[in-house]
Amino acid sequence: MVPGYPFPPVGMRLPAEDDGYLAEVPAFQEQREVLKSVATSLKRESIPFALAGGYAVWARGGPESDHDVDFIIRPDDADAARKTLLRDGHDPVDSNEDWLDKVGLHGIVVDVIHRLPIGEVSDELLGRCDQLSVDSVRMLVMQPTDLLLCRLLALGENACDFAPLLGWSRSLREQIDWTTVRRETAGNPFARAFLGLLADLEVVVP
């Protein structure tokens with residue numbers, strides 16, 4: 001995974017040494033079942049969380065994610081969340097990053113993230129999320145503007161794949177606060193280049 005890049009690029013595959021986890025993309029329904037398992041466990045223990053990454057985009061009408069599952073929690077809840085998920089049958093997966101924990105189930109990796117490019121997960125961030133039904137389970141889902149900001153602020157010389165971002169932007173463009181996106185990414189030349197591309201493609205108004 002690219003350092004500081006909380007949502008792996010679409011199509012990224014796990015190396016073979018990652019505790020033996022599958023190197024090939026699992027079936028969508030298997031990923032959804034693992035997603036629901038994590039959400040159910042966290043809800044049962046009243047640990048605040050929200051769905052993030054590609055599946056949050058999917059829950060809001062975007063393309064279905066074809067890599068791992070992402071959730072966000074507050075840093076203070078990280079230990080409790082990990083213990084809960086391990087107790088409920090998820091497997092530990094090693095991570096060298098200090099901004100997330102990883103667990104796995106049936107070969108599917110779940111990232112439980114507590115620090116994003118927009119800052120630490122907070123009550124304020126969770127408060128902006130919407131309660132949605134995700135494959136029949138009610139849960140908080142990150143706002144499209146926050147989702148896009150996280151991806152754009154993570155862009156750099158070693159992480160500059162516009163393809164998934166283009167799909168996200170096309171499918172969620174009416175739900176995104178583009179004024180906020182432009183303001184918050186003004187200092188990132190890669191984000192500015194992507195926003196220029198969106199304008200050239202008439203995905204958004206310049």
# chains A, B, ... in the order shown; residues from 1 in each chain; ligands from 1

$ residues_around --residues "Gln29 (chain A)" --least-positions-apart "2" --cutoff "12 Å" --atoms "only C-alpha atoms" --output "list of chain:residue names"
A:Val25, A:Pro26, A:Ala27, A:Gln31, A:Arg32, A:Glu33, A:Val34, A:Leu35, A:Lys36, A:Glu64, A:Ser65, A:Asp66, A:His106, A:Ile108, A:Asp135

$ write_last_selection --atoms "N, CA and C atoms" --output "tab-separated table (two decimals), in the first residue's frame"
chain	number	residue	atom	x	y	z
A	25	VAL	N	-8.86	-11.02	-6.60
A	25	VAL	CA	-10.02	-10.27	-6.12
A	25	VAL	C	-11.16	-11.23	-5.82
A	26	PRO	N	-11.73	-11.17	-4.61
A	26	PRO	CA	-12.83	-12.06	-4.28
A	26	PRO	C	-14.13	-11.64	-4.95
A	27	ALA	N	-15.09	-12.53	-4.93
A	27	ALA	CA	-16.40	-12.21	-5.50
A	27	ALA	C	-17.04	-11.08	-4.70
A	31	GLN	N	-17.30	-10.12	-0.44
A	31	GLN	CA	-16.86	-8.87	0.19
A	31	GLN	C	-18.00	-8.22	0.96
A	32	ARG	N	-19.19	-8.25	0.39
A	32	ARG	CA	-20.33	-7.65	1.09
A	32	ARG	C	-20.62	-8.37	2.40
A	33	GLU	N	-20.50	-9.70	2.39
A	33	GLU	CA	-20.77	-10.45	3.61
A	33	GLU	C	-19.75	-10.10	4.69
A	34	VAL	N	-18.49	-9.94	4.33
A	34	VAL	CA	-17.47	-9.55	5.29
A	34	VAL	C	-17.74	-8.13	5.78
A	35	LEU	N	-18.10	-7.24	4.87
A	35	LEU	CA	-18.45	-5.87	5.23
A	35	LEU	C	-19.55	-5.88	6.29
A	36	LYS	N	-20.59	-6.65	6.04
A	36	LYS	CA	-21.72	-6.70	6.97
A	36	LYS	C	-21.32	-7.33	8.30
A	64	GLU	N	-19.19	-0.71	-7.91
A	64	GLU	CA	-18.85	-1.58	-6.79
A	64	GLU	C	-17.34	-1.71	-6.66
A	65	SER	N	-16.89	-1.72	-5.41
A	65	SER	CA	-15.46	-1.82	-5.13
A	65	SER	C	-14.95	-3.20	-5.48
A	66	ASP	N	-13.75	-3.27	-6.07
A	66	ASP	CA	-13.17	-4.57	-6.38
A	66	ASP	C	-11.87	-4.81	-5.62
A	106	HIS	N	-12.12	-14.91	5.47
A	106	HIS	CA	-12.31	-15.62	4.21
A	106	HIS	C	-11.43	-15.05	3.09
A	108	ILE	N	-10.47	-11.98	2.71
A	108	ILE	CA	-10.81	-10.58	2.40
A	108	ILE	C	-10.28	-9.70	3.51
A	135	ASP	N	-26.57	-3.08	1.65
A	135	ASP	CA	-26.87	-4.50	1.49
A	135	ASP	C	-27.67	-5.01	2.68

$ select_by_dssp --residues "region 64-165 of chain A" --states "strand (DSSP E)" --output "ChimeraX atom specification"
/A:69-72,91-93,100-105,108-113,115-116,119-120,130-134,137-141

$ atom_distance --atom1 "CA of Glu45 (chain A)" --atom2 "CA of Asp123 (chain A)"
17.2 Å

$ residues_around --residues "region 169-177 of chain A" --least-positions-apart "4" --cutoff "10 Å" --atoms "only C-alpha atoms" --output "list in words"
Val57, Trp58, Arg60, Gly61, Gly62, Pro63, Gln143, Pro144, Thr145, Asp146, Leu147, Leu148, Leu149, Pro164, Leu165, Val181, Arg182, Leu195, Leu198, Glu202, Val203 and Val204 of chain A

$ write_last_selection --atoms "N, CA and C atoms" --output "short mmCIF file (atom, residue, chain, number, x, y, z; two decimals), in the first residue's frame"
data_model
loop_
_atom_site.label_atom_id
_atom_site.label_comp_id
_atom_site.auth_asym_id
_atom_site.auth_seq_id
_atom_site.Cartn_x
_atom_site.Cartn_y
_atom_site.Cartn_z
N VAL A 57 -18.54 4.64 -1.70
CA VAL A 57 -18.93 5.16 -3.01
C VAL A 57 -20.04 4.29 -3.61
N TRP A 58 -19.86 2.98 -3.52
CA TRP A 58 -20.87 2.04 -4.05
C TRP A 58 -22.21 2.23 -3.34
N ARG A 60 -23.44 4.79 -2.24
CA ARG A 60 -24.05 6.05 -2.65
C ARG A 60 -24.37 6.08 -4.15
N GLY A 61 -24.22 4.95 -4.82
CA GLY A 61 -24.60 4.88 -6.22
C GLY A 61 -23.47 4.75 -7.20
N GLY A 62 -22.23 4.63 -6.70
CA GLY A 62 -21.08 4.50 -7.57
C GLY A 62 -20.80 3.06 -7.93
N PRO A 63 -19.71 2.80 -8.64
CA PRO A 63 -19.35 1.43 -9.03
C PRO A 63 -18.97 0.60 -7.82
N GLN A 143 -19.48 10.94 3.73
CA GLN A 143 -19.98 11.88 2.75
C GLN A 143 -19.12 11.85 1.48
N PRO A 144 -19.73 12.00 0.30
CA PRO A 144 -18.97 12.00 -0.94
C PRO A 144 -17.85 13.05 -0.97
N THR A 145 -18.11 14.23 -0.44
CA THR A 145 -17.07 15.27 -0.44
C THR A 145 -15.86 14.83 0.36
N ASP A 146 -16.07 14.26 1.54
CA ASP A 146 -14.97 13.78 2.36
C ASP A 146 -14.25 12.61 1.69
N LEU A 147 -15.00 11.72 1.04
CA LEU A 147 -14.39 10.60 0.35
C LEU A 147 -13.44 11.08 -0.75
N LEU A 148 -13.92 12.03 -1.55
CA LEU A 148 -13.10 12.53 -2.65
C LEU A 148 -11.90 13.31 -2.14
N LEU A 149 -12.10 14.10 -1.09
CA LEU A 149 -10.98 14.86 -0.52
C LEU A 149 -9.87 13.93 -0.04
N PRO A 164 -9.68 5.47 -10.97
CA PRO A 164 -10.78 5.28 -10.02
C PRO A 164 -11.43 6.58 -9.61
N LEU A 165 -10.62 7.65 -9.50
CA LEU A 165 -11.18 8.95 -9.12
C LEU A 165 -12.14 9.47 -10.17
N VAL A 181 -14.11 21.12 -2.27
CA VAL A 181 -13.04 20.29 -2.82
C VAL A 181 -11.93 21.16 -3.40
N ARG A 182 -12.30 22.17 -4.18
CA ARG A 182 -11.29 23.05 -4.78
C ARG A 182 -10.51 23.81 -3.71
N LEU A 195 -8.69 18.03 -11.08
CA LEU A 195 -9.88 18.88 -11.19
C LEU A 195 -9.91 19.58 -12.54
N LEU A 198 -11.30 17.07 -14.94
CA LEU A 198 -12.75 16.96 -14.81
C LEU A 198 -13.45 18.11 -15.54
N GLU A 202 -15.85 18.01 -18.92
CA GLU A 202 -17.20 18.52 -18.62
C GLU A 202 -17.92 17.66 -17.61
N VAL A 203 -17.15 17.03 -16.70
CA VAL A 203 -17.76 16.31 -15.59
C VAL A 203 -18.26 17.32 -14.57
N VAL A 204 -17.49 18.40 -14.38
CA VAL A 204 -17.89 19.49 -13.52
C VAL A 204 -17.68 20.80 -14.26
#

$ atom_distance --atom1 "CA of Ala50 (chain A)" --atom2 "CA of Leu140 (chain A)"
4.6 Å

$ closest_residue --among "A:Ala56, A:Ser37, A:Glu120, A:Leu155" --to "Val134 (chain A)" --atoms "only C-alpha atoms"
A:Ala56

$ residues_around --residues "Arg74 (chain A)" --least-positions-apart "6" --cutoff "10 Å" --atoms "only C-alpha atoms" --output "list in words"
Ile47, Pro48, Phe49, Ala50, Ala81, Val112, Ile113, His114, Arg115, Glu120, Val121, Ser122, Asp123, Leu125 and Leu126 of chain A

$ closest_residue --among "A:Val109, A:Ala186, A:Met139, A:Ala191" --to "Ala154 (chain A)" --atoms "only C-alpha atoms"
A:Ala191

$ atom_distance --atom1 "CA of Asp161 (chain A)" --atom2 "CA of Ala193 (chain A)"
11.8 Å

$ closest_residue --among "A:Ala52, A:Val110, A:Ile118, A:Ala59" --to "Arg138 (chain A)" --atoms "only C-alpha atoms"
A:Ala59
